[in-house]
>>> print(open('model-v5.tsv').read())   # TSV, C-alpha atoms
chain	number	residue	atom	x	y	z
A	1458	MET	CA	-2.85	-6.82	-29.21
A	1459	THR	CA	-3.75	-9.15	-26.35
A	1460	PRO	CA	-4.51	-12.75	-27.36
A	1461	ALA	CA	-7.87	-13.72	-25.86
A	1462	GLY	CA	-7.69	-15.26	-22.42
A	1463	SER	CA	-4.00	-14.46	-21.86
A	1464	LEU	CA	-2.77	-14.08	-18.31
A	1465	LEU	CA	0.42	-12.26	-19.19
A	1466	THR	CA	1.24	-10.47	-22.44
A	1467	ALA	CA	4.03	-8.28	-23.68
A	1468	HIS	CA	3.98	-6.10	-26.75
A	1469	ASP	CA	6.88	-4.42	-28.56
A	1470	LEU	CA	9.28	-4.67	-25.62
A	1471	ARG	CA	12.54	-2.78	-25.94
A	1472	LYS	CA	15.42	-2.73	-23.53
A	1473	ALA	CA	18.97	-1.55	-24.14
A	1474	TYR	CA	22.01	-2.01	-21.95
A	1475	GLY	CA	24.35	0.71	-23.20
A	1476	PRO	CA	24.78	0.21	-26.94
A	1477	THR	CA	23.35	-3.34	-26.80
A	1478	ASN	CA	19.71	-3.91	-27.63
A	1479	ALA	CA	18.82	-6.82	-25.34
A	1480	LEU	CA	15.18	-6.63	-26.46
A	1481	ASP	CA	14.21	-5.14	-29.79
A	1482	GLY	CA	10.45	-5.38	-30.19
A	1483	ALA	CA	9.79	-8.68	-28.41
A	1484	GLU	CA	6.28	-10.09	-28.10
A	1485	PHE	CA	4.97	-12.65	-25.64
A	1486	SER	CA	1.76	-14.13	-24.32
A	1487	ILE	CA	0.84	-17.00	-22.04
A	1488	HIS	CA	-2.43	-18.52	-20.86
A	1489	PRO	CA	-3.20	-19.99	-17.43
A	1490	GLY	CA	-2.00	-23.59	-17.23
A	1491	GLU	CA	0.25	-23.21	-20.24
A	1492	VAL	CA	3.97	-24.02	-20.31
A	1493	VAL	CA	5.84	-21.83	-22.80
A	1494	ALA	CA	9.52	-22.40	-23.51
A	1495	VAL	CA	11.62	-19.35	-24.31
A	1496	MET	CA	14.52	-20.56	-26.43
A	1497	GLY	CA	17.43	-18.92	-28.15
A	1498	PRO	CA	21.22	-18.75	-28.10
A	1499	SER	CA	23.18	-17.20	-25.23
A	1500	GLY	CA	22.90	-13.44	-25.29
A	1501	SER	CA	19.76	-13.47	-27.45
A	1502	GLY	CA	17.73	-11.64	-24.80
A	1503	LYS	CA	15.70	-14.52	-23.36
A	1504	SER	CA	16.64	-13.84	-19.73
A	1505	THR	CA	16.01	-10.11	-20.20
A	1506	LEU	CA	12.57	-11.01	-21.55
A	1507	LEU	CA	11.88	-13.14	-18.47
A	1508	HIS	CA	13.11	-10.38	-16.12
A	1509	CYS	CA	10.85	-7.81	-17.83
A	1510	LEU	CA	7.83	-10.14	-17.75
A	1511	ALA	CA	8.41	-10.81	-14.05
A	1512	GLY	CA	8.67	-7.10	-13.22
A	1513	ILE	CA	12.30	-7.41	-12.10
A	1514	VAL	CA	13.59	-5.20	-14.92
A	1515	THR	CA	11.68	-2.25	-16.34
A	1516	PRO	CA	11.70	-2.16	-20.15
A	1517	ASP	CA	12.63	1.08	-21.95
A	1518	SER	CA	9.38	0.92	-23.89
A	1519	GLY	CA	6.54	-1.41	-24.76
A	1520	SER	CA	3.72	-2.77	-22.70
A	1521	ILE	CA	3.35	-5.68	-20.28
A	1522	VAL	CA	-0.14	-6.58	-19.13
A	1523	TYR	CA	-0.66	-8.99	-16.26
A	1524	ASN	CA	-4.20	-10.12	-15.52
A	1525	GLY	CA	-5.61	-7.06	-17.27
A	1526	GLN	CA	-3.34	-4.53	-15.58
A	1527	GLU	CA	-0.55	-2.61	-17.28
A	1528	MET	CA	2.62	-3.19	-15.24
A	1529	ALA	CA	4.04	0.25	-16.05
A	1530	THR	CA	1.18	1.80	-14.06
A	1531	MET	CA	2.16	-0.10	-10.90
A	1532	ASN	CA	4.56	1.37	-8.38
A	1533	ASP	CA	7.52	-0.55	-6.94
A	1534	ALA	CA	5.58	-1.74	-3.89
A	1535	GLN	CA	2.78	-3.09	-6.07
A	1536	ARG	CA	5.24	-4.86	-8.32
A	1537	SER	CA	7.01	-6.38	-5.30
A	1538	ALA	CA	3.69	-7.59	-3.93
A	1539	LEU	CA	2.92	-9.15	-7.30
A	1540	ARG	CA	6.26	-10.95	-7.35
A	1541	ARG	CA	5.75	-12.22	-3.80
A	1542	SER	CA	2.21	-13.50	-4.13
A	1543	GLU	CA	1.36	-14.09	-7.79
A	1544	PHE	CA	4.73	-15.10	-9.24
A	1545	GLY	CA	7.12	-17.92	-8.38
A	1546	PHE	CA	10.77	-18.16	-9.41
A	1547	VAL	CA	13.20	-20.99	-10.05
A	1548	PHE	CA	16.73	-20.24	-11.19
A	1549	GLN	CA	19.71	-22.33	-12.18
A	1550	PHE	CA	21.32	-22.48	-8.73
A	1551	GLY	CA	22.11	-20.72	-5.48
A	1552	GLN	CA	18.59	-20.01	-4.45
A	1553	LEU	CA	18.25	-21.61	-1.04
A	1554	VAL	CA	19.21	-19.79	2.15
A	1555	PRO	CA	22.07	-21.90	3.57
A	1556	GLU	CA	21.30	-21.13	7.23
A	1557	LEU	CA	17.69	-22.37	7.02
A	1558	THR	CA	16.50	-25.98	6.90
A	1559	CYS	CA	14.79	-27.15	3.72
A	1560	VAL	CA	11.30	-26.84	5.17
A	1561	GLU	CA	12.11	-23.34	6.44
A	1562	ASN	CA	13.38	-22.45	2.98
A	1563	VAL	CA	10.17	-23.67	1.34
A	1564	ALA	CA	8.03	-21.91	3.95
A	1565	LEU	CA	9.94	-18.63	3.57
A	1566	PRO	CA	7.71	-16.96	0.93
A	1567	LEU	CA	4.64	-17.66	3.09
A	1568	ARG	CA	6.38	-16.30	6.22
A	1569	LEU	CA	7.30	-13.13	4.28
A	1570	ASN	CA	3.63	-12.77	3.36
A	1571	GLY	CA	2.71	-12.89	7.06
A	1572	THR	CA	1.60	-16.51	7.45
A	1573	GLY	CA	2.28	-18.05	10.88
A	1574	ARG	CA	5.17	-20.46	11.22
A	1575	LYS	CA	3.13	-23.61	11.87
A	1576	GLU	CA	0.74	-23.09	9.01
A	1577	ALA	CA	3.52	-22.02	6.64
A	1578	GLU	CA	5.55	-25.13	7.40
A	1579	ARG	CA	2.52	-27.38	7.06
A	1580	THR	CA	1.84	-25.99	3.57
A	1581	ALA	CA	5.56	-26.16	2.79
A	1582	LEU	CA	5.67	-29.82	3.74
A	1583	SER	CA	2.73	-30.70	1.50
A	1584	TRP	CA	4.61	-29.14	-1.43
A	1585	MET	CA	7.77	-30.97	-0.45
A	1586	GLU	CA	5.80	-34.21	-0.57
A	1587	ARG	CA	4.64	-33.44	-4.09
A	1588	LEU	CA	8.21	-32.77	-5.14
A	1589	GLU	CA	9.29	-35.94	-3.28
A	1590	VAL	CA	11.72	-34.16	-0.96
A	1591	ASP	CA	9.74	-34.21	2.31
A	1592	ASP	CA	12.34	-36.49	3.90
A	1593	LEU	CA	14.84	-33.62	3.62
A	1594	ARG	CA	12.77	-31.29	5.79
A	1595	SER	CA	15.37	-30.92	8.58
A	1596	LYS	CA	18.45	-30.86	6.36
A	1597	ARG	CA	20.24	-27.68	5.36
A	1598	PRO	CA	20.99	-26.92	1.68
A	1599	GLY	CA	24.67	-27.79	2.17
A	1600	GLU	CA	23.71	-31.34	3.12
A	1601	ILE	CA	21.68	-32.24	0.04
A	1602	SER	CA	22.48	-32.91	-3.64
A	1603	GLY	CA	22.01	-30.48	-6.53
A	1604	GLY	CA	18.97	-32.34	-7.85
A	1605	GLN	CA	17.35	-32.43	-4.41
A	1606	GLY	CA	18.13	-28.73	-3.89
A	1607	GLN	CA	16.46	-27.87	-7.18
A	1608	ARG	CA	13.33	-29.80	-6.19
A	1609	VAL	CA	13.28	-27.95	-2.87
A	1610	ALA	CA	13.60	-24.69	-4.85
A	1611	VAL	CA	10.64	-25.71	-7.05
A	1612	ALA	CA	8.58	-26.49	-3.93
A	1613	ARG	CA	9.45	-23.04	-2.58
A	1614	ALA	CA	8.51	-21.38	-5.88
A	1615	LEU	CA	5.11	-23.09	-5.82
A	1616	VAL	CA	4.32	-22.75	-2.11
A	1617	THR	CA	2.35	-19.52	-2.55
A	1618	SER	CA	0.34	-21.15	-5.39
A	1619	PRO	CA	1.59	-18.57	-7.89
A	1620	ARG	CA	-0.32	-17.97	-11.09
A	1621	VAL	CA	2.90	-17.65	-13.07
A	1622	LEU	CA	6.06	-19.64	-12.47
A	1623	PHE	CA	9.23	-18.19	-14.01
A	1624	ALA	CA	11.92	-20.81	-14.48
A	1625	ASP	CA	15.30	-19.65	-15.86
A	1626	GLU	CA	17.37	-22.68	-16.92
A	1627	PRO	CA	15.96	-24.68	-13.98
A	1628	THR	CA	17.92	-27.81	-14.90
A	1629	GLY	CA	21.05	-26.04	-16.16
A	1630	ALA	CA	23.23	-27.35	-13.33
A	1631	LEU	CA	21.85	-30.91	-13.28
A	1632	ASP	CA	22.62	-34.10	-15.21
A	1633	SER	CA	20.01	-35.52	-17.62
A	1634	PHE	CA	18.48	-37.88	-15.12
A	1635	ASN	CA	17.98	-35.33	-12.35
A	1636	GLY	CA	17.05	-32.61	-14.80
A	1637	GLU	CA	14.30	-34.78	-16.16
A	1638	ARG	CA	12.95	-35.59	-12.71
A	1639	VAL	CA	12.84	-31.88	-11.87
A	1640	MET	CA	11.01	-31.12	-15.13
A	1641	ASP	CA	8.53	-33.97	-14.61
A	1642	LEU	CA	7.65	-32.80	-11.12
A	1643	LEU	CA	7.72	-29.09	-11.96
A	1644	THR	CA	5.35	-29.35	-14.93
A	1645	GLU	CA	3.08	-31.81	-13.16
A	1646	ALA	CA	2.78	-29.55	-10.12
A	1647	ALA	CA	2.24	-26.45	-12.24
A	1648	ARG	CA	-0.43	-28.13	-14.36
A	1649	SER	CA	-2.28	-29.39	-11.31
A	1650	THR	CA	-2.61	-25.82	-10.01
A	1651	ASN	CA	-3.25	-24.30	-13.46
A	1652	ALA	CA	-0.17	-22.10	-13.10
A	1653	ALA	CA	1.41	-20.70	-16.25
A	1654	VAL	CA	5.10	-21.53	-16.65
A	1655	VAL	CA	7.59	-19.33	-18.49
A	1656	LEU	CA	10.49	-21.68	-19.06
A	1657	VAL	CA	13.74	-20.17	-20.29
A	1658	THR	CA	16.02	-22.87	-21.65
A	1659	HIS	CA	18.48	-23.58	-24.41
A	1660	GLU	CA	18.03	-27.34	-24.00
A	1661	ALA	CA	15.64	-29.03	-26.40
A	1662	ARG	CA	14.93	-31.90	-24.02
A	1663	VAL	CA	13.79	-29.41	-21.40
A	1664	ALA	CA	11.78	-27.41	-23.94
A	1665	ALA	CA	10.02	-30.67	-24.86
A	1666	TYR	CA	8.12	-30.35	-21.58
A	1667	SER	CA	6.45	-27.16	-22.87
A	1668	ASP	CA	3.24	-26.76	-24.84
A	1669	ARG	CA	4.86	-24.39	-27.33
A	1670	GLU	CA	8.02	-22.40	-27.79
A	1671	ILE	CA	9.06	-18.83	-28.47
A	1672	VAL	CA	12.42	-18.31	-30.10
A	1673	VAL	CA	14.35	-15.17	-29.18
A	1674	ARG	CA	17.14	-14.00	-31.44
A	1675	ASP	CA	18.82	-10.57	-31.40
A	1676	GLY	CA	16.15	-9.32	-29.01
A	1677	LYS	CA	13.31	-10.24	-31.34
A	1678	SER	CA	10.88	-13.03	-30.55
A	1679	ARG	CA	9.24	-15.54	-32.79
A	1680	ASP	CA	6.17	-17.44	-31.70
A	1681	MET	CA	6.49	-20.73	-33.56
A	1682	GLU	CA	2.92	-21.84	-32.99
A	1683	ARG	CA	1.53	-18.79	-34.72
A	1684	ILE	CA	3.86	-19.28	-37.68
A	1685	VAL	CA	3.68	-23.01	-38.34
B	1234	MET	CA	16.88	-52.98	-37.19
B	1235	SER	CA	17.53	-56.49	-38.51
B	1236	ILE	CA	14.25	-58.35	-38.09
B	1237	GLY	CA	15.90	-61.65	-38.99
B	1238	HIS	CA	18.49	-61.34	-36.22
B	1239	THR	CA	15.92	-60.19	-33.72
B	1240	LEU	CA	13.64	-63.16	-34.45
B	1241	LEU	CA	16.64	-65.48	-34.27
B	1242	GLY	CA	17.57	-64.03	-30.90
B	1243	LEU	CA	14.03	-64.59	-29.65
B	1244	LEU	CA	14.31	-68.24	-30.67
B	1245	GLU	CA	17.40	-68.73	-28.52
B	1246	SER	CA	15.27	-69.16	-25.42
B	1247	GLY	CA	13.35	-72.03	-27.04
B	1248	PRO	CA	11.36	-73.09	-30.15
B	1249	ARG	CA	8.30	-71.03	-31.04
B	1250	HIS	CA	5.54	-70.84	-33.61
B	1251	GLY	CA	5.49	-67.96	-36.09
B	1252	TYR	CA	2.59	-66.42	-34.24
B	1253	ASP	CA	4.40	-66.53	-30.89
B	1254	LEU	CA	7.43	-64.94	-32.50
B	1255	LYS	CA	5.37	-62.08	-33.85
B	1256	ARG	CA	3.75	-61.57	-30.47
B	1257	ALA	CA	7.09	-61.60	-28.64
B	1258	PHE	CA	8.60	-59.21	-31.18
B	1259	ASP	CA	5.69	-56.75	-30.98
B	1260	GLU	CA	5.69	-56.83	-27.21
B	1261	LYS	CA	9.40	-56.17	-26.82
B	1262	PHE	CA	10.44	-54.23	-29.91
B	1263	GLY	CA	7.42	-53.34	-32.01
B	1264	HIS	CA	6.40	-50.18	-30.12
B	1265	ASP	CA	6.09	-48.13	-33.27
B	1266	ARG	CA	5.73	-50.78	-35.92
B	1267	PRO	CA	4.26	-54.17	-35.16
B	1268	LEU	CA	5.35	-56.92	-37.56
B	1269	HIS	CA	3.07	-58.17	-40.29
B	1270	TYR	CA	2.50	-61.90	-40.38
B	1271	GLY	CA	3.82	-61.88	-43.93
B	1272	GLN	CA	7.11	-60.42	-42.69
B	1273	VAL	CA	7.47	-63.13	-40.08
B	1274	TYR	CA	6.87	-65.97	-42.52
B	1275	SER	CA	9.04	-64.55	-45.29
B	1276	THR	CA	11.85	-63.95	-42.76
B	1277	MET	CA	11.51	-67.46	-41.34
B	1278	SER	CA	11.62	-69.09	-44.77
B	1279	ARG	CA	14.81	-67.11	-45.53
B	1280	LEU	CA	16.37	-68.21	-42.23
B	1281	LEU	CA	15.31	-71.75	-42.96
B	1282	LYS	CA	16.94	-71.63	-46.39
B	1283	HIS	CA	20.21	-70.43	-44.85
B	1284	GLY	CA	20.14	-73.16	-42.22
B	1285	LEU	CA	19.88	-70.70	-39.32
B	1286	VAL	CA	16.60	-72.22	-38.11
B	1287	GLU	CA	14.94	-75.60	-38.54
B	1288	VAL	CA	11.40	-76.80	-38.31
B	1289	ASP	CA	10.97	-78.38	-34.91
B	1290	GLY	CA	7.45	-79.65	-35.41
B	1291	ILE	CA	4.26	-79.09	-37.39
B	1292	GLU	CA	0.84	-78.90	-35.84
B	1293	ALA	CA	-2.04	-79.67	-38.11
B	1294	GLY	CA	-5.18	-77.75	-37.23
B	1295	GLY	CA	-8.38	-76.49	-38.75
B	1296	GLY	CA	-6.53	-73.62	-40.46
B	1297	PRO	CA	-3.14	-73.54	-42.11
B	1298	GLU	CA	-0.51	-75.81	-40.64
B	1299	ARG	CA	1.55	-74.25	-37.83
B	1300	LYS	CA	5.29	-74.70	-38.00
B	1301	ARG	CA	7.36	-74.56	-34.88
B	1302	TYR	CA	10.85	-73.14	-35.44
B	1303	ALA	CA	14.05	-73.82	-33.52
B	1304	ILE	CA	17.37	-72.02	-33.83
B	1305	THR	CA	20.36	-74.01	-35.15
B	1306	ASP	CA	24.00	-73.76	-33.99
B	1307	ALA	CA	24.70	-71.70	-37.11
B	1308	GLY	CA	21.83	-69.44	-36.08
B	1309	ILE	CA	23.28	-68.92	-32.60
B	1310	THR	CA	26.68	-68.06	-34.13
B	1311	ASP	CA	24.94	-65.61	-36.47
B	1312	VAL	CA	23.17	-63.85	-33.58
B	1313	GLN	CA	26.45	-63.72	-31.65
B	1314	GLN	CA	28.22	-62.12	-34.62
B	1315	TRP	CA	25.46	-59.60	-35.14
B	1316	LEU	CA	25.47	-58.59	-31.47
B	1317	ALA	CA	29.26	-58.25	-31.46
B	1318	THR	CA	29.41	-56.07	-34.59
B	1319	PRO	CA	29.00	-52.34	-33.89
B	1320	GLU	CA	26.42	-50.41	-35.91
B	1321	LYS	CA	27.80	-48.13	-38.56
B	1322	PRO	CA	27.60	-44.55	-37.30
B	1323	GLU	CA	25.64	-42.47	-39.80
B	1324	PRO	CA	27.65	-39.30	-40.35
B	1325	TYR	CA	24.67	-37.55	-41.92
B	1326	LEU	CA	26.92	-35.27	-43.92
B	1327	GLN	CA	24.60	-34.80	-46.85
B	1328	SER	CA	21.41	-34.34	-44.91
B	1329	THR	CA	18.41	-32.84	-46.59
B	1330	LEU	CA	18.43	-30.06	-44.03
B	1331	TYR	CA	21.98	-29.05	-44.90
B	1332	THR	CA	20.99	-28.97	-48.57
B	1333	LYS	CA	17.96	-26.83	-47.83
B	1334	VAL	CA	20.01	-24.35	-45.79
B	1335	VAL	CA	22.65	-24.00	-48.49
B	1336	LEU	CA	20.03	-23.66	-51.23
B	1337	ALA	CA	18.22	-20.99	-49.21
B	1338	LEU	CA	21.46	-19.04	-48.84
B	1339	LEU	CA	22.30	-19.42	-52.53
B	1340	THR	CA	18.89	-18.11	-53.52
B	1341	HIS	CA	18.94	-15.31	-50.90
B	1342	ARG	CA	16.08	-16.74	-48.91
B	1343	ASP	CA	15.86	-16.61	-45.09
B	1344	ALA	CA	17.75	-19.71	-43.99
B	1345	SER	CA	17.08	-19.05	-40.30
B	1346	GLU	CA	13.39	-19.48	-41.03
B	1347	ILE	CA	14.07	-22.99	-42.33
B	1348	LEU	CA	16.00	-23.79	-39.17
B	1349	ASP	CA	13.30	-22.32	-36.90
B	1350	THR	CA	10.61	-24.34	-38.65
B	1351	GLN	CA	12.70	-27.47	-38.38
B	1352	ARG	CA	13.37	-26.88	-34.67
B	1353	SER	CA	9.67	-26.53	-34.14
B	1354	GLU	CA	8.99	-29.79	-35.94
B	1355	HIS	CA	11.66	-31.60	-33.95
B	1356	LEU	CA	10.23	-30.21	-30.72
B	1357	ARG	CA	6.76	-31.34	-31.70
B	1358	MET	CA	8.09	-34.89	-31.99
B	1359	MET	CA	10.09	-34.52	-28.78
B	1360	ARG	CA	6.93	-33.44	-26.92
B	1361	ILE	CA	5.12	-36.56	-28.10
B	1362	LEU	CA	8.03	-38.75	-26.98
B	1363	THR	CA	8.35	-36.95	-23.64
B	1364	ASP	CA	4.67	-37.47	-23.00
B	1365	ARG	CA	4.86	-41.12	-23.98
B	1366	LYS	CA	7.83	-41.55	-21.71
B	1367	ARG	CA	5.99	-40.03	-18.79
B	1368	LYS	CA	3.08	-42.41	-19.20
B	1369	GLY	CA	5.06	-45.50	-20.18
B	1370	ASP	CA	7.00	-48.23	-18.44
B	1371	LEU	CA	10.76	-48.50	-18.23
B	1372	ALA	CA	11.05	-50.08	-21.69
B	1373	ASP	CA	9.07	-47.18	-23.20
B	1374	GLN	CA	11.28	-44.74	-21.35
B	1375	LEU	CA	14.49	-46.24	-22.71
B	1376	ILE	CA	13.21	-46.39	-26.27
B	1377	CYS	CA	11.89	-42.83	-26.13
B	1378	ASP	CA	15.15	-41.63	-24.57
B	1379	HIS	CA	17.11	-43.05	-27.47
B	1380	ALA	CA	14.92	-41.21	-29.94
B	1381	LEU	CA	15.02	-38.03	-27.85
B	1382	PHE	CA	18.82	-37.96	-27.67
B	1383	HIS	CA	19.03	-38.37	-31.45
B	1384	LEU	CA	16.58	-35.55	-32.05
B	1385	GLU	CA	18.50	-33.45	-29.56
B	1386	ALA	CA	21.72	-34.11	-31.46
B	1387	ASP	CA	20.05	-32.85	-34.64
B	1388	LEU	CA	18.96	-29.75	-32.79
B	1389	ARG	CA	22.43	-29.07	-31.46
B	1390	TRP	CA	23.68	-29.14	-35.02
B	1391	LEU	CA	20.80	-26.88	-35.99
B	1392	GLU	CA	21.64	-24.29	-33.29
B	1393	LEU	CA	25.29	-24.27	-34.27
B	1394	THR	CA	24.35	-23.85	-37.92
B	1395	ALA	CA	21.99	-21.01	-37.00
B	1396	ALA	CA	24.89	-19.31	-35.22
B	1397	ARG	CA	27.12	-19.78	-38.28
B	1398	LEU	CA	24.65	-18.74	-40.98
B	1399	GLU	CA	26.44	-15.51	-41.85
B	1400	LYS	CA	29.76	-17.30	-42.32
B	1401	LEU	CA	28.09	-20.08	-44.27
B	1402	ALA	CA	26.39	-17.53	-46.52
B	1403	GLU	CA	29.76	-15.94	-47.24
B	1404	ALA	CA	31.30	-19.30	-47.99
B	1405	VAL	CA	28.61	-20.62	-50.33
B	1406	THR	CA	28.06	-17.41	-52.28
B	1407	ARG	CA	31.76	-16.70	-52.74
>>> encode(input="model-v5.tsv", output="structure tokens")
Amino acid sequence: MTPAGSLLTAHDLRKAYGPTNALDGAEFSIHPGEVVAVMGPSGSGKSTLLHCLAGIVTPDSGSIVYNGQEMATMNDAQRSALRRSEFGFVFQFGQLVPELTCVENVALPLRLNGTGRKEAERTALSWMERLEVDDLRSKRPGEISGGQGQRVAVARALVTSPRVLFADEPTGALDSFNGERVMDLLTEAARSTNAAVVLVTHEARVAAYSDREIVVRDGKSRDMERIV
Amino acid sequence: MSIGHTLLGLLESGPRHGYDLKRAFDEKFGHDRPLHYGQVYSTMSRLLKHGLVEVDGIEAGGGPERKRYAITDAGITDVQQWLATPEKPEPYLQSTLYTKVVLALLTHRDASEILDTQRSEHLRMMRILTDRKRKGDLADQLICDHALFHLEADLRWLELTAARLEKLAEAVTR
């Protein structure tokens, strides 16, 4: 079943790692412009769900449909292209390339897609302005704070104007104040481009930035909006 | 919140009419619940009776007479005591939610469903507060933060309880 107008849906996803069922019939759907929080205790399968949805991990069974196309029918090259151009990623930490300046880091996804240096850095800078880190353009990741680094990482995730942004505990390494700033800017930027955001978090204050939440427990998902 | 102490505190900066007090209260503290005029006047007459305020002047007008109140020395001492006394932490041990969870376990219902529904309801409120915070000024942000941290504390308890449901079921049905 594909909810009408969904950009990305998953049905009856199963994935086992050895004897452990990380996903055991999980369901998911998200619309353009929607922010969906994926919540659940550690080890519940929420990161596995995100990795399957993003095409990083192949599920053992079940279906994932992105923009009308079944992901299982794509080959590796097609899936990589999808991840590079249609998807953006923000993780908890360790995402920036230490040898590159911040603006080079943000421009990297565009450079990998073949955009020229000047144009890529111009676009990168406009995203850095939106995330309020444009003054860090010439600094290297080792010279900036965790909160600043995470905002640079969000700018990099959004620089290709992805249709889906996957954020796995994006504020996990930050204090409340910086975490909040990152969430404010991340959701604002995503909403302004109508990107869908899959937000994996175990923090309620972070989940409060979403439009609705899915709870994952023992590899099974529960869509609270469709229940309440 | 003690309305009497708050109104007294507002009077410390100078005498005010009942109407001014209400306006100052609503502006600074009445984000969710503005005061009713009745509340202001009943509170002021109580404070007057206890000698914590005095009538500083009466203006006669077309409508009802307007009293101007001033804080007394006893009033200032009272505010000082109130500010210096910590609030009693509410341990929340017999919360309705705890009762519901235990009852669900005793009657072999799905207790995790109760917790999921409650989380969803808490998050609904937290979304409203987060949104209000985003659009509000610094005072709004601080007030919303306070509410958000409390709701978050409830949710942390909820997650821990969810993780301990099997043990709790064993304990209560023993």
>>> residues_around(input="model-v5.tsv", residues="Ala1581 (chain A)", least_positions_apart="3", cutoff="10 Å", atoms="only C-alpha atoms", output="PDB file with C-alpha atoms, in the coordinates of the input")
ATOM      1  CA  CYS A1559      14.790 -27.150   3.720  1.00  0.00           C
ATOM      2  CA  VAL A1560      11.300 -26.840   5.170  1.00  0.00           C
ATOM      3  CA  GLU A1561      12.110 -23.340   6.440  1.00  0.00           C
ATOM      4  CA  ASN A1562      13.380 -22.450   2.980  1.00  0.00           C
ATOM      5  CA  VAL A1563      10.170 -23.670   1.340  1.00  0.00           C
ATOM      6  CA  ALA A1564       8.030 -21.910   3.950  1.00  0.00           C
ATOM      7  CA  LEU A1565       9.940 -18.630   3.570  1.00  0.00           C
ATOM      8  CA  PRO A1566       7.710 -16.960   0.930  1.00  0.00           C
ATOM      9  CA  LEU A1567       4.640 -17.660   3.090  1.00  0.00           C
ATOM     10  CA  LYS A1575       3.130 -23.610  11.870  1.00  0.00           C
ATOM     11  CA  GLU A1576       0.740 -23.090   9.010  1.00  0.00           C
ATOM     12  CA  ALA A1577       3.520 -22.020   6.640  1.00  0.00           C
ATOM     13  CA  GLU A1578       5.550 -25.130   7.400  1.00  0.00           C
ATOM     14  CA  TRP A1584       4.610 -29.140  -1.430  1.00  0.00           C
ATOM     15  CA  MET A1585       7.770 -30.970  -0.450  1.00  0.00           C
ATOM     16  CA  GLU A1586       5.800 -34.210  -0.570  1.00  0.00           C
ATOM     17  CA  ASP A1591       9.740 -34.210   2.310  1.00  0.00           C
ATOM     18  CA  ARG A1594      12.770 -31.290   5.790  1.00  0.00           C
ATOM     19  CA  VAL A1609      13.280 -27.950  -2.870  1.00  0.00           C
ATOM     20  CA  ALA A1612       8.580 -26.490  -3.930  1.00  0.00           C
ATOM     21  CA  ARG A1613       9.450 -23.040  -2.580  1.00  0.00           C
ATOM     22  CA  LEU A1615       5.110 -23.090  -5.820  1.00  0.00           C
ATOM     23  CA  VAL A1616       4.320 -22.750  -2.110  1.00  0.00           C
ATOM     24  CA  THR A1617       2.350 -19.520  -2.550  1.00  0.00           C
TER      25      THR A1617
END
>>> closest_residue(input="model-v5.tsv", among="B:Arg1352, B:Val1312, B:Glu1399, B:Leu1280", to="Gly1497 (chain A)", atoms="only C-alpha atoms")
B:Arg1352
>>> interface_residues(input="model-v5.tsv", of="chain B", to="chain A", cutoff="12 Å", atoms="all atoms listed in the file", output="compact mmCIF listing (two decimals) with C-alpha atoms, in the frame of the given file")
# COMPACT_ATOMS: atom_id res chain seq x y z
CA SER B 1345 17.08 -19.05 -40.30
CA GLU B 1346 13.39 -19.48 -41.03
CA ILE B 1347 14.07 -22.99 -42.33
CA LEU B 1348 16.00 -23.79 -39.17
CA ASP B 1349 13.30 -22.32 -36.90
CA THR B 1350 10.61 -24.34 -38.65
CA GLN B 1351 12.70 -27.47 -38.38
CA ARG B 1352 13.37 -26.88 -34.67
CA SER B 1353 9.67 -26.53 -34.14
CA GLU B 1354 8.99 -29.79 -35.94
CA HIS B 1355 11.66 -31.60 -33.95
CA LEU B 1356 10.23 -30.21 -30.72
CA ARG B 1357 6.76 -31.34 -31.70
CA MET B 1358 8.09 -34.89 -31.99
CA MET B 1359 10.09 -34.52 -28.78
CA ARG B 1360 6.93 -33.44 -26.92
CA ILE B 1361 5.12 -36.56 -28.10
CA LEU B 1362 8.03 -38.75 -26.98
CA THR B 1363 8.35 -36.95 -23.64
CA ASP B 1364 4.67 -37.47 -23.00
CA ARG B 1365 4.86 -41.12 -23.98
CA LYS B 1366 7.83 -41.55 -21.71
CA ARG B 1367 5.99 -40.03 -18.79
CA LYS B 1368 3.08 -42.41 -19.20
CA GLN B 1374 11.28 -44.74 -21.35
CA LEU B 1375 14.49 -46.24 -22.71
CA CYS B 1377 11.89 -42.83 -26.13
CA ASP B 1378 15.15 -41.63 -24.57
CA HIS B 1379 17.11 -43.05 -27.47
CA ALA B 1380 14.92 -41.21 -29.94
CA LEU B 1381 15.02 -38.03 -27.85
CA PHE B 1382 18.82 -37.96 -27.67
CA HIS B 1383 19.03 -38.37 -31.45
CA LEU B 1384 16.58 -35.55 -32.05
CA GLU B 1385 18.50 -33.45 -29.56
CA ALA B 1386 21.72 -34.11 -31.46
CA ASP B 1387 20.05 -32.85 -34.64
CA LEU B 1388 18.96 -29.75 -32.79
CA ARG B 1389 22.43 -29.07 -31.46
CA TRP B 1390 23.68 -29.14 -35.02
CA LEU B 1391 20.80 -26.88 -35.99
CA GLU B 1392 21.64 -24.29 -33.29
CA LEU B 1393 25.29 -24.27 -34.27
CA THR B 1394 24.35 -23.85 -37.92
CA ALA B 1395 21.99 -21.01 -37.00
CA ALA B 1396 24.89 -19.31 -35.22
CA ARG B 1397 27.12 -19.78 -38.28
>>> closest_residue(input="model-v5.tsv", among="A:Asp1481, A:Ser1633, A:Glu1645, A:Ser1595", to="Leu1582 (chain A)", atoms="only C-alpha atoms")
A:Ser1595
>>> atom_distance(input="model-v5.tsv", atom1="CA of Val1405 (chain B)", atom2="CA of Ala1344 (chain B)")
12.6 Å
>>> atom_distance(input="model-v5.tsv", atom1="CA of Glu1403 (chain B)", atom2="CA of Val1335 (chain B)")
10.8 Å
